[in-house]
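Quick look at upload-v6.txt (compact mmCIF, C-alpha atoms):
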# COMPACT_ATOMS: atom_id res chain seq x y z
CA MET A 28 0.00 0.00 0.00
CA ILE A 29 1.41 3.36 -1.01
CA GLU A 30 -0.01 6.18 1.08
CA ASN A 31 0.12 9.82 0.07
CA GLU A 32 2.48 10.59 2.94
CA SER A 33 4.85 7.71 2.16
CA VAL A 34 8.47 8.63 1.44
CA PHE A 35 10.74 6.56 -0.82
CA VAL A 36 14.40 6.44 -1.77
CA PRO A 37 16.25 4.51 -4.50
CA SER A 38 17.25 1.08 -3.27
CA GLY A 39 20.79 1.01 -1.91
CA ARG A 40 21.56 -1.81 -4.33
CA VAL A 41 20.64 0.04 -7.51
CA ALA A 42 23.07 1.92 -9.74
CA PHE A 43 21.60 4.72 -11.79
CA ARG A 44 22.63 7.64 -13.95
CA ARG A 45 20.88 10.32 -15.96
CA VAL A 46 21.82 9.96 -19.61
CA GLY A 47 20.42 12.79 -21.68
CA GLU A 48 16.77 13.22 -20.78
CA GLN A 49 16.36 9.82 -19.18
CA VAL A 50 17.52 7.89 -16.16
CA VAL A 51 19.04 4.45 -16.69
CA LEU A 52 18.83 1.96 -13.79
CA VAL A 53 20.74 -1.23 -13.20
CA ASN A 54 19.81 -3.66 -10.48
CA PRO A 55 22.88 -5.83 -9.89
CA ASP A 56 20.90 -8.41 -7.94
CA ASP A 57 19.15 -9.66 -11.05
CA ASN A 58 21.04 -7.78 -13.79
CA VAL A 59 17.88 -5.90 -14.73
CA LEU A 60 18.48 -2.83 -16.88
CA MET A 61 15.76 -0.23 -17.16
CA THR A 62 15.44 3.08 -18.97
CA LEU A 63 12.84 5.44 -17.51
CA ASN A 64 10.86 7.81 -19.70
CA SER A 65 11.07 11.54 -19.03
CA THR A 66 8.26 11.52 -16.44
CA GLY A 67 9.66 8.53 -14.64
CA SER A 68 13.09 10.13 -14.70
CA GLU A 69 11.76 13.26 -13.02
CA VAL A 70 9.98 11.24 -10.34
CA TRP A 71 13.08 9.13 -9.77
CA GLU A 72 15.18 12.21 -9.10
CA TRP A 73 12.60 13.48 -6.61
CA LEU A 74 12.99 10.32 -4.52
CA ASP A 75 15.27 12.09 -2.08
CA GLY A 76 13.97 10.61 1.14
CA LYS A 77 12.25 13.86 2.02
CA ARG A 78 9.43 14.40 -0.44
CA SER A 79 6.24 12.45 0.12
CA VAL A 80 4.26 10.78 -2.63
CA GLU A 81 1.81 13.66 -2.52
CA GLU A 82 4.54 16.29 -2.77
CA ILE A 83 6.04 14.49 -5.76
CA ALA A 84 2.61 14.38 -7.40
CA VAL A 85 2.21 18.14 -6.91
CA ALA A 86 5.64 18.77 -8.43
CA LEU A 87 4.74 16.50 -11.34
CA GLN A 88 1.41 18.27 -11.81
CA GLN A 89 3.16 21.65 -11.97
CA LYS A 90 5.85 20.48 -14.36
CA PHE A 91 3.70 18.55 -16.82
CA GLU A 92 0.41 20.44 -16.47
CA VAL A 93 -1.75 17.45 -15.64
CA SER A 94 -4.45 17.23 -12.99
CA THR A 95 -3.40 16.49 -9.42
CA GLU A 96 -5.41 13.27 -9.47
CA GLU A 97 -3.74 12.10 -12.65
CA ALA A 98 -0.30 12.99 -11.32
CA LEU A 99 -0.96 11.17 -8.05
CA ARG A 100 -2.21 8.10 -9.89
CA ASP A 101 0.90 8.09 -12.12
CA VAL A 102 3.27 8.47 -9.17
CA VAL A 103 1.60 5.66 -7.22
CA THR A 104 1.63 3.39 -10.28
CA PHE A 105 5.29 4.17 -10.94
CA LEU A 106 6.33 3.57 -7.34
CA GLY A 107 4.33 0.34 -7.24
CA LEU A 108 6.29 -0.94 -10.23
CA MET A 109 9.55 0.18 -8.69
CA LEU A 110 8.67 -1.49 -5.38
CA ASP A 111 7.76 -4.74 -7.13
CA ARG A 112 11.17 -4.75 -8.79
CA LYS A 113 12.90 -3.77 -5.53
CA LEU A 114 14.31 -0.65 -7.16
CA VAL A 115 13.01 1.67 -4.42
CA GLU A 116 12.50 1.29 -0.70
CA ARG A 117 10.62 3.17 1.97
CA ALA A 118 12.60 5.86 3.72
CA THR A 119 12.55 6.12 7.46
CA VAL A 120 10.76 9.39 8.21
CA GLY A 121 12.96 11.73 10.17
CA SER A 122 16.15 10.02 9.10
CA ASP A 123 18.98 12.16 7.74
CA GLU A 124 19.95 9.43 5.28
CA MET B 14 43.06 5.20 1.64
CA THR B 15 40.36 7.18 -0.05
CA VAL B 16 36.64 6.84 0.00
CA PHE B 17 33.98 7.00 -2.64
CA PRO B 18 30.73 8.41 -1.27
CA ARG B 19 27.51 6.66 -2.06
CA THR B 20 24.31 8.50 -2.65
CA ASP B 21 22.76 6.85 0.40
CA GLY B 22 25.36 8.42 2.67
CA GLN B 23 27.44 5.30 3.18
CA ARG B 24 30.96 4.98 1.88
CA TRP B 25 32.83 2.50 -0.25
CA GLU B 26 36.39 1.98 0.76
CA ILE B 27 38.97 2.02 -1.98
CA ALA B 28 42.16 0.31 -0.98
CA THR B 29 45.45 0.67 -2.79
CA ALA B 30 46.33 -2.79 -4.00
CA GLU B 31 48.90 -4.88 -5.73
CA LEU B 32 47.77 -7.77 -7.81
CA GLU B 33 50.07 -10.46 -9.05
CA VAL B 34 49.19 -12.80 -11.87
CA ARG B 35 51.37 -15.89 -11.82
CA CYS B 36 51.58 -18.26 -14.76
CA ARG B 37 51.58 -21.92 -13.89
CA GLY B 38 54.04 -23.98 -15.90
CA ALA B 39 54.41 -21.73 -18.92
CA THR B 40 56.03 -18.56 -20.02
CA LEU B 41 54.12 -15.37 -20.49
CA PRO B 42 53.07 -15.01 -24.14
CA ALA B 43 54.75 -12.16 -25.94
CA GLY B 44 52.63 -9.10 -26.22
CA TRP B 45 50.79 -9.32 -22.94
CA ALA B 46 53.05 -7.09 -20.90
CA GLY B 47 52.95 -3.44 -21.76
CA LEU B 48 49.47 -3.67 -23.20
CA PHE B 49 48.24 -1.12 -20.75
CA PRO B 50 50.19 1.30 -18.60
CA ALA B 51 48.96 -0.59 -15.56
CA PHE B 52 50.74 -3.77 -16.58
CA VAL B 53 54.37 -3.90 -15.59
CA GLU B 54 56.45 -6.91 -16.45
CA ASP B 55 58.74 -7.85 -13.60
CA LYS B 56 61.93 -8.78 -15.42
CA SER B 57 63.68 -9.70 -12.19
CA THR B 58 61.71 -12.92 -12.04
CA THR B 59 62.00 -15.44 -14.83
CA SER B 60 60.40 -18.49 -13.23
CA PRO B 61 57.53 -18.37 -12.95
CA PRO B 62 56.98 -15.30 -15.09
CA HIS B 63 54.38 -12.96 -13.76
CA VAL B 64 52.75 -9.65 -14.35
CA LEU B 65 52.32 -7.07 -11.64
CA LEU B 66 49.24 -4.98 -11.86
CA ASP B 67 48.47 -2.09 -9.56
CA VAL B 68 44.77 -1.94 -8.95
CA GLU B 69 42.45 0.05 -6.76
CA PRO B 70 39.50 -2.27 -6.35
CA ILE B 71 36.22 -1.14 -4.95
CA LEU B 72 35.11 -4.01 -2.79
CA ASP B 73 31.50 -4.79 -2.30
CA TRP B 74 31.58 -6.36 1.11
CA GLU B 75 27.81 -6.53 1.26
CA ASN B 76 27.76 -9.53 -1.02
CA PRO B 77 29.61 -12.57 0.33
CA HIS B 78 29.39 -14.22 -3.09
CA TRP B 79 29.43 -12.47 -6.43
CA PRO B 80 28.19 -13.87 -8.61
CA SER B 81 26.58 -16.99 -7.22
CA PRO B 82 28.37 -20.24 -8.15
CA GLN B 83 25.16 -21.46 -9.77
CA LYS B 84 25.09 -18.59 -12.24
CA SER B 85 28.63 -18.43 -13.50
CA ASN B 86 31.69 -20.47 -14.27
CA TRP B 87 33.63 -18.33 -11.83
CA TRP B 88 32.80 -17.07 -8.41
CA SER B 89 34.37 -15.38 -5.42
CA THR B 90 33.73 -15.66 -1.74
CA ARG B 91 34.75 -13.69 1.31
CA THR B 92 37.53 -15.03 3.50
CA ALA B 93 38.70 -13.94 6.95
CA ASP B 94 40.89 -11.16 5.59
CA GLY B 95 39.86 -10.76 1.97
CA PHE B 96 38.26 -12.88 -0.71
CA HIS B 97 38.95 -15.92 -2.83
CA VAL B 98 38.11 -16.32 -6.51
CA GLU B 99 37.80 -19.52 -8.53
CA GLY B 100 37.65 -19.65 -12.32
CA PRO B 101 37.62 -22.52 -14.82
CA ASP B 102 41.39 -22.81 -14.80
CA TYR B 103 42.58 -20.16 -12.40
CA SER B 104 42.24 -19.22 -8.78
CA GLY B 105 43.14 -16.22 -6.73
CA ASP B 106 43.31 -14.83 -3.23
CA PHE B 107 43.12 -11.27 -2.04
CA ARG B 108 43.89 -10.12 1.47
CA GLN B 109 43.94 -6.83 3.25
CA ASP B 110 47.39 -5.75 4.42
CA GLY B 111 46.88 -2.51 6.24
CA ALA B 112 45.75 -0.01 3.66
CA VAL B 113 46.94 -2.21 0.82
CA LEU B 114 44.94 -5.01 -0.71
CA ARG B 115 47.24 -7.69 -2.06
CA GLY B 116 46.08 -10.26 -4.53
CA GLU B 117 47.53 -13.18 -6.36
CA ILE B 118 45.95 -15.06 -9.23
CA VAL B 119 47.45 -18.32 -10.42
CA ALA B 120 46.64 -19.34 -13.96
CA ASN B 121 47.74 -21.87 -16.51
CA CYS B 122 49.26 -19.48 -19.02
CA ALA B 123 49.73 -22.24 -21.59
CA GLU B 124 45.97 -22.42 -21.85
CA PRO B 125 44.76 -19.24 -23.54
CA SER B 126 41.32 -19.28 -21.98
CA SER B 127 42.82 -19.66 -18.50
CA LEU B 128 45.21 -16.77 -18.93
CA ALA B 129 42.56 -14.67 -20.58
CA GLY B 130 40.14 -15.40 -17.74
CA ALA B 131 42.67 -14.51 -15.08
CA LEU B 132 43.75 -11.30 -16.75
CA ARG B 133 40.18 -10.33 -17.54
CA PHE B 134 39.46 -10.69 -13.86
CA ALA B 135 42.50 -8.61 -12.98
CA LEU B 136 41.73 -5.96 -15.55
CA ASN B 137 38.11 -5.77 -14.46
CA HIS B 138 39.37 -4.99 -10.98
CA TRP B 139 41.65 -2.33 -12.30
CA LEU B 140 38.76 -0.86 -14.28
CA LEU B 141 36.55 -0.38 -11.24
CA GLY B 142 36.04 3.33 -10.92
CA ARG B 143 37.83 3.91 -14.22
CA GLY B 144 36.04 2.40 -17.21
CA MET B 145 34.62 -0.77 -18.66
CA MET B 146 35.29 -3.65 -20.99
CA LEU B 147 32.96 -3.98 -23.98
CA HIS B 148 32.20 -7.21 -25.85
CA ALA B 149 33.08 -5.79 -29.26
CA SER B 150 35.41 -6.08 -32.23
CA GLY B 151 36.75 -3.08 -34.03
CA VAL B 152 38.55 -1.87 -37.05
CA LEU B 153 40.66 1.23 -37.42
CA ARG B 154 40.15 2.39 -40.99
CA ASN B 155 41.37 5.66 -42.47
CA GLY B 156 42.13 6.86 -38.98
CA LEU B 157 38.61 6.13 -37.74
CA LEU B 158 37.73 3.41 -35.26
CA TRP B 159 34.45 1.55 -35.74
CA LEU B 160 33.29 -0.78 -33.00
CA PHE B 161 30.89 -3.68 -33.52
CA ALA B 162 29.35 -5.00 -30.32
CA GLY B 163 26.98 -7.88 -29.76
CA TYR B 164 26.56 -11.39 -28.52
CA SER B 165 28.95 -14.17 -29.41
CA ARG B 166 28.53 -15.28 -33.03
CA ALA B 167 26.45 -12.20 -33.88
CA GLY B 168 28.87 -11.38 -36.68
CA LYS B 169 30.80 -8.50 -35.16
CA THR B 170 34.26 -9.89 -35.88
CA THR B 171 33.19 -11.00 -39.38
CA ILE B 172 32.02 -7.48 -40.19
CA ALA B 173 35.16 -5.90 -38.79
CA ARG B 174 37.26 -8.31 -40.85
CA GLU B 175 35.35 -7.54 -44.06
CA LEU B 176 35.59 -3.87 -43.34
CA ASN B 177 39.32 -4.26 -43.06
CA GLY B 178 39.53 -5.67 -46.57
CA GLY B 179 39.65 -9.26 -45.40
CA GLY B 180 42.44 -8.57 -42.95
CA GLU B 181 42.16 -9.20 -39.24
CA PRO B 182 40.19 -6.72 -37.14
CA THR B 183 42.33 -4.29 -35.25
CA SER B 184 40.70 -5.35 -32.00
CA VAL B 185 38.98 -8.65 -31.42
CA ASP B 186 36.11 -9.53 -29.11
CA ARG B 187 36.91 -7.23 -26.20
CA VAL B 188 37.83 -3.55 -26.03
CA VAL B 189 38.47 -1.46 -22.95
CA LEU B 190 36.75 1.92 -22.81
CA LEU B 191 38.29 4.65 -20.68
CA PRO B 192 36.92 8.20 -20.45
CA GLU B 193 39.71 10.59 -21.37
CA GLY B 194 39.28 14.34 -21.14
CA GLN B 195 36.06 15.17 -22.94
CA SER B 196 36.13 11.97 -24.95
CA VAL B 197 36.49 8.23 -24.51
CA LEU B 198 39.32 6.03 -25.71
CA ALA B 199 38.95 2.42 -26.86
CA TYR B 200 41.93 0.14 -26.17
CA PRO B 201 42.39 -3.17 -27.99
CA THR B 202 42.75 -6.25 -25.82
CA PRO B 203 44.18 -9.72 -26.45
CA PHE B 204 41.55 -11.68 -24.60
CA SER B 205 40.32 -13.84 -27.44
CA ASP B 206 43.73 -14.31 -28.99
CA PRO B 207 46.47 -14.43 -26.37
CA GLY B 208 49.99 -14.99 -27.56
CA SER B 209 49.52 -13.52 -31.01
CA GLU B 210 50.45 -10.09 -32.22
CA LEU B 211 48.12 -8.29 -29.91
CA VAL B 212 48.28 -4.56 -30.10
CA ARG B 213 47.17 -3.59 -33.56
CA HIS B 214 46.39 0.03 -32.99
CA GLU B 215 46.85 2.83 -30.56
CA PRO B 216 43.93 3.76 -28.33
CA ALA B 217 41.42 5.71 -30.38
CA THR B 218 38.10 7.47 -29.98
CA PRO B 219 35.39 5.40 -31.65
CA GLU B 220 33.67 6.97 -34.61
CA ALA B 221 30.55 4.93 -33.92
CA VAL B 222 29.41 1.81 -32.11
CA VAL B 223 27.21 -0.62 -34.00
CA ILE B 224 25.23 -3.23 -32.08
CA VAL B 225 25.10 -6.23 -34.40
CA GLU B 226 22.69 -9.11 -34.66
CA GLN B 227 21.56 -11.41 -37.43
CA GLY B 228 17.91 -11.67 -38.42
CA GLU B 229 15.49 -12.34 -41.23
CA ARG B 230 15.42 -8.79 -42.50
CA HIS B 231 17.69 -5.79 -42.64
CA ALA B 232 17.01 -3.19 -39.99
CA LEU B 233 18.98 -0.19 -38.87
CA HIS B 234 18.26 2.63 -36.49
CA ARG B 235 20.23 5.11 -34.49
CA LEU B 236 19.83 4.55 -30.76
CA GLU B 237 18.64 7.18 -28.33
CA ILE B 238 21.46 7.90 -25.93
CA ALA B 239 19.76 6.46 -22.84
CA SER B 240 19.00 3.23 -24.67
CA ALA B 241 22.52 3.26 -26.05
CA ALA B 242 23.95 3.51 -22.54
CA GLY B 243 21.81 0.63 -21.33
CA ILE B 244 22.81 -1.55 -24.26
CA LEU B 245 26.48 -0.78 -23.71
CA VAL B 246 26.16 -1.91 -20.09
CA HIS B 247 24.33 -5.01 -21.30
CA HIS B 248 27.22 -5.87 -23.62
CA SER B 249 29.91 -5.03 -21.10
CA SER B 250 31.97 -7.80 -19.59
CA TRP B 251 30.65 -7.09 -16.12
CA ASN B 252 28.80 -9.93 -14.56
CA TRP B 253 29.30 -9.17 -10.91
CA GLN B 254 26.44 -8.62 -8.56
CA SER B 255 27.87 -5.43 -7.21
CA ARG B 256 26.46 -1.96 -7.19
CA ALA B 257 29.94 -0.42 -7.37
CA VAL B 258 30.68 -2.37 -10.54
CA MET B 259 27.39 -1.37 -12.09
CA GLU B 260 27.97 2.27 -11.20
CA THR B 261 31.29 2.22 -13.01
CA ALA B 262 29.81 0.51 -16.06
CA LEU B 263 26.86 2.88 -16.15
CA GLU B 264 29.03 5.96 -15.75
CA THR B 265 31.32 4.89 -18.58
CA ALA B 266 28.45 3.81 -20.82
CA GLY B 267 26.57 7.06 -20.20
CA TRP B 268 29.68 9.11 -20.89
CA MET B 269 30.25 7.18 -24.10
CA ALA B 270 26.63 7.30 -25.28
CA GLU B 271 26.56 11.06 -24.84
CA ARG B 272 29.55 11.46 -27.14
CA VAL B 273 29.64 8.63 -29.67
CA PRO B 274 26.76 7.76 -32.05
CA MET B 275 25.38 4.25 -31.65
CA TYR B 276 23.34 2.15 -34.05
CA ALA B 277 21.38 -1.09 -33.80
CA MET B 278 21.86 -3.16 -36.91
CA THR B 279 20.12 -6.40 -37.90
CA PHE B 280 21.40 -8.02 -41.05
CA SER B 281 20.47 -11.14 -42.95
CA ARG B 282 23.19 -13.40 -44.23
CA ASP B 283 21.56 -13.39 -47.67
CA GLU B 284 21.66 -9.66 -48.14
CA GLY B 285 24.91 -8.97 -46.32
CA PHE B 286 25.72 -5.98 -44.23
CA TRP B 287 27.31 -3.55 -46.70
CA PRO B 288 24.12 -1.59 -47.46
CA LEU B 289 23.65 -1.05 -43.74
CA LEU B 290 27.22 0.08 -43.23
CA GLU B 291 26.83 2.55 -46.07
CA ALA B 292 23.66 3.87 -44.44
CA ILE B 293 25.52 4.39 -41.18
CA GLN B 294 28.28 6.10 -43.08
CA GLY B 295 25.75 8.43 -44.66
CA ASP B 296 24.16 9.22 -41.34
CA ASN B 297 27.52 9.96 -39.81
CA ARG B 298 28.70 12.12 -42.67
CA CYS B 299 27.43 15.28 -41.05
CA CYS B 300 30.78 16.13 -39.55
CA GLY B 301 33.36 15.67 -42.26
CA PRO B 302 34.68 13.03 -44.61
CA ARG B 303 34.10 9.68 -42.93
CA ARG B 304 34.31 6.68 -45.16
CA PHE B 305 34.70 2.99 -44.55
CA VAL B 306 36.78 2.39 -47.67
Here is a file; write its structure as structure tokens.
Amino acid sequence: MIENESVFVPSGRVAFRRVGEQVVLVNPDDNVLMTLNSTGSEVWEWLDGKRSVEEIAVALQQKFEVSTEEALRDVVTFLGLMLDRKLVERATVGSDE
Amino acid sequence: MTVFPRTDGQRWEIATAELEVRCRGATLPAGWAGLFPAFVEDKSTTSPPHVLLDVEPILDWENPHWPSPQKSNWWSTRTADGFHVEGPDYSGDFRQDGAVLRGEIVANCAEPSSLAGALRFALNHWLLGRGMMLHASGVLRNGLLWLFAGYSRAGKTTIARELNGGGEPTSVDRVVLLPEGQSVLAYPTPFSDPGSELVRHEPATPEAVVIVEQGERHALHRLEIASAAGILVHHSSWNWQSRAVMETALETAGWMAERVPMYAMTFSRDEGFWPLLEAIQGDNRCCGPRRFV
């Protein structure tokens, strides 16, 4: 379950780099390579352990001029996929990490 | 000792290291030493001959095994003071000695695949934090280096050979990519052909990288740079379950993809690959006279 106030960070096992307009991810645990589209790349770079799902959706809504509901749905869907693939993990709220 | 910060706030330790590759029961084939600046032949020792290689490995102590023995024909495991590696015909031990990591790999140098495996392992260590090895063949033609990457038996060496007028490719099967200034240099390696005349060209900036595969129909397209970076990582020689290794590969591949055009090429044996190469040549002609022949 991904709540609006949930906070996520990239998994400590994942290597990633922005290449041009997109972020490329490599998960060494299963050698999975993934290229995110421009929206996914933006969301990925907002996973700083501080911004909540809702805050990321608002930022996405402002940047891409979509409705808040649509942005929130996209962020939750994206994070669900990333969680399934163990590419992100929940941040401990209040942690400095 | 220096440290390499991770984005999650933790730190990787980078230890200064010496790695020794010892040949078991054979002399070192001519051409191996001096291939890279990092290789130094120790002429004071004649039996057994060995190569000293200074490396600065980034150790991933989180993974006791990388890769798992079930997934690969080589594996390494943590020991009390370092780690042990086992390959098909080589083995090695690394141990921490203060700030210095010392390693020794013993290989049967009379067996090309053994020596190649051992030195590939050593070079991969040296490349951590520096660059990557790409599964590719290349040809230096008219001062321009073309690299052909792909799976084994995809046709990359065949194309490079044809492109070189039937002569041998200038680099076979593996090239080392090292970012240099604002560019990237490709170094030839001897890993598929140890003991022969190995260094056929100076390091050069690739004109283009072509990902090769055979199929039913011709197809050619220029890769977007993010896809290109991912494909380069996919065709790199890395197979270690380590984030540090993947970071190095990704950094090098991203750097390369941002600077060197990359193409995906499918060719059928019936139609040959020349029309596709000419199309690439035409696409690349934006920036001056660049011709295959």
Hey, could you make a per-residue contact list for chain A against chain B with 6 Å as the cut-off, showing the nearest pair of atoms and its distance in Å to one decimal, counting all atoms listed in the file, sorted by chain and number, as a Markdown table?
| residue | atom | partner | partner_atom | distance |
| --- | --- | --- | --- | --- |
| A:Arg40 | CA | B:Arg256 | CA | 5.7 |
| A:Ala42 | CA | B:Glu260 | CA | 5.1 |
| A:Val46 | CA | B:Ala239 | CA | 5.2 |
| A:Pro55 | CA | B:Gln254 | CA | 4.7 |
| A:Asp56 | CA | B:Gln254 | CA | 5.6 |
- Message: Quick check, in Å to one decimal: how far apart do CA of Ser150 (chain B) and CA of Lys169 (chain B) lie?
- Response: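 Atom-to-atom, CA of Ser150 (chain B) and CA of Lys169 (chain B) are spaced 6.0 Å apart.
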- Find the residue from A:Glu30, A:Asp57, A:Glu92, A:Glu82 that sits nearest to Thr104 (chain A); use all atoms listed in the file when measuring. A:Glu30
- From the set B:Trp287, B:Tyr200, B:Tyr103, B:Phe280, which residue has the shortest atom-to-atom contact distance to Met145 (chain B), counting only C-alpha atoms?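 Among the listed residues, the smallest separation from Met145 (chain B) belongs to B:Tyr200.
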- Task: Find the distance between CA of Val273 (chain B) and CA of Val41 (chain A) and write it in Å to one decimal.
- Result: 25.4 Å
- Among the residues B:Gln227, B:Asn177, B:Thr171, B:Thr92, the one that comes closest to Leu157 (chain B) [using all atoms listed in the file]: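 Ranked by minimum distance to Leu157 (chain B), first place goes to B:Asn177.
Going from CA of Pro219 (chain B) over to CA of Leu158 (chain B), you cover 4.7 Å.
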- Query: Hey, what's within 12 Å of Asn64 (chain A) if we count only C-alpha atoms and toss same-chain stuff fewer than 6 positions away? As a PyMOL selection string, please?
  - Reply: (chain A and resi 45-52+70-71+105) or (chain B and resi 237+239-240)
Could the residues in this selection be written to a file with C-alpha atoms, as a PDB file, in the frame of the given file?
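And here's part-v1.pdb as it stands now:
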ATOM      1  CA  ARG A  45      20.880  10.320 -15.960  1.00  0.00           C
ATOM      2  CA  VAL A  46      21.820   9.960 -19.610  1.00  0.00           C
ATOM      3  CA  GLY A  47      20.420  12.790 -21.680  1.00  0.00           C
ATOM      4  CA  GLU A  48      16.770  13.220 -20.780  1.00  0.00           C
ATOM      5  CA  GLN A  49      16.360   9.820 -19.180  1.00  0.00           C
ATOM      6  CA  VAL A  50      17.520   7.890 -16.160  1.00  0.00           C
ATOM      7  CA  VAL A  51      19.040   4.450 -16.690  1.00  0.00           C
ATOM      8  CA  LEU A  52      18.830   1.960 -13.790  1.00  0.00           C
ATOM      9  CA  VAL A  70       9.980  11.240 -10.340  1.00  0.00           C
ATOM     10  CA  TRP A  71      13.080   9.130  -9.770  1.00  0.00           C
ATOM     11  CA  PHE A 105       5.290   4.170 -10.940  1.00  0.00           C
TER      12      PHE A 105
ATOM     13  CA  GLU B 237      18.640   7.180 -28.330  1.00  0.00           C
ATOM     14  CA  ALA B 239      19.760   6.460 -22.840  1.00  0.00           C
ATOM     15  CA  SER B 240      19.000   3.230 -24.670  1.00  0.00           C
TER      16      SER B 240
END
- Message: (4.5, 15.2, -4.1) in this file's frame - what residues fall within 12 Å of it? Use only C-alpha atoms and give the answer as an NGL selection string.
- Response: :A and (30-35 or 69-71 or 73-90 or 95-96 or 98-103)
Please produce a file of those selected residues containing C-alpha atoms, as a PDB file, keeping the file's coordinate frame.
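Result went into part_33.pdb, see below:
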ATOM      1  CA  GLU A  30      -0.010   6.180   1.080  1.00  0.00           C
ATOM      2  CA  ASN A  31       0.120   9.820   0.070  1.00  0.00           C
ATOM      3  CA  GLU A  32       2.480  10.590   2.940  1.00  0.00           C
ATOM      4  CA  SER A  33       4.850   7.710   2.160  1.00  0.00           C
ATOM      5  CA  VAL A  34       8.470   8.630   1.440  1.00  0.00           C
ATOM      6  CA  PHE A  35      10.740   6.560  -0.820  1.00  0.00           C
ATOM      7  CA  GLU A  69      11.760  13.260 -13.020  1.00  0.00           C
ATOM      8  CA  VAL A  70       9.980  11.240 -10.340  1.00  0.00           C
ATOM      9  CA  TRP A  71      13.080   9.130  -9.770  1.00  0.00           C
ATOM     10  CA  TRP A  73      12.600  13.480  -6.610  1.00  0.00           C
ATOM     11  CA  LEU A  74      12.990  10.320  -4.520  1.00  0.00           C
ATOM     12  CA  ASP A  75      15.270  12.090  -2.080  1.00  0.00           C
ATOM     13  CA  GLY A  76      13.970  10.610   1.140  1.00  0.00           C
ATOM     14  CA  LYS A  77      12.250  13.860   2.020  1.00  0.00           C
ATOM     15  CA  ARG A  78       9.430  14.400  -0.440  1.00  0.00           C
ATOM     16  CA  SER A  79       6.240  12.450   0.120  1.00  0.00           C
ATOM     17  CA  VAL A  80       4.260  10.780  -2.630  1.00  0.00           C
ATOM     18  CA  GLU A  81       1.810  13.660  -2.520  1.00  0.00           C
ATOM     19  CA  GLU A  82       4.540  16.290  -2.770  1.00  0.00           C
ATOM     20  CA  ILE A  83       6.040  14.490  -5.760  1.00  0.00           C
ATOM     21  CA  ALA A  84       2.610  14.380  -7.400  1.00  0.00           C
ATOM     22  CA  VAL A  85       2.210  18.140  -6.910  1.00  0.00           C
ATOM     23  CA  ALA A  86       5.640  18.770  -8.430  1.00  0.00           C
ATOM     24  CA  LEU A  87       4.740  16.500 -11.340  1.00  0.00           C
ATOM     25  CA  GLN A  88       1.410  18.270 -11.810  1.00  0.00           C
ATOM     26  CA  GLN A  89       3.160  21.650 -11.970  1.00  0.00           C
ATOM     27  CA  LYS A  90       5.850  20.480 -14.360  1.00  0.00           C
ATOM     28  CA  THR A  95      -3.400  16.490  -9.420  1.00  0.00           C
ATOM     29  CA  GLU A  96      -5.410  13.270  -9.470  1.00  0.00           C
ATOM     30  CA  ALA A  98      -0.300  12.990 -11.320  1.00  0.00           C
ATOM     31  CA  LEU A  99      -0.960  11.170  -8.050  1.00  0.00           C
ATOM     32  CA  ARG A 100      -2.210   8.100  -9.890  1.00  0.00           C
ATOM     33  CA  ASP A 101       0.900   8.090 -12.120  1.00  0.00           C
ATOM     34  CA  VAL A 102       3.270   8.470  -9.170  1.00  0.00           C
ATOM     35  CA  VAL A 103       1.600   5.660  -7.220  1.00  0.00           C
TER      36      VAL A 103
END
- Message: Calculated over only C-alpha atoms, which of the candidates B:Leu176, B:Ala162, B:Leu147, B:Val98 has the smallest distance to Val188 (chain B)?
- Response: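 Answer, going by the shortest atom-to-atom distance: B:Leu147.
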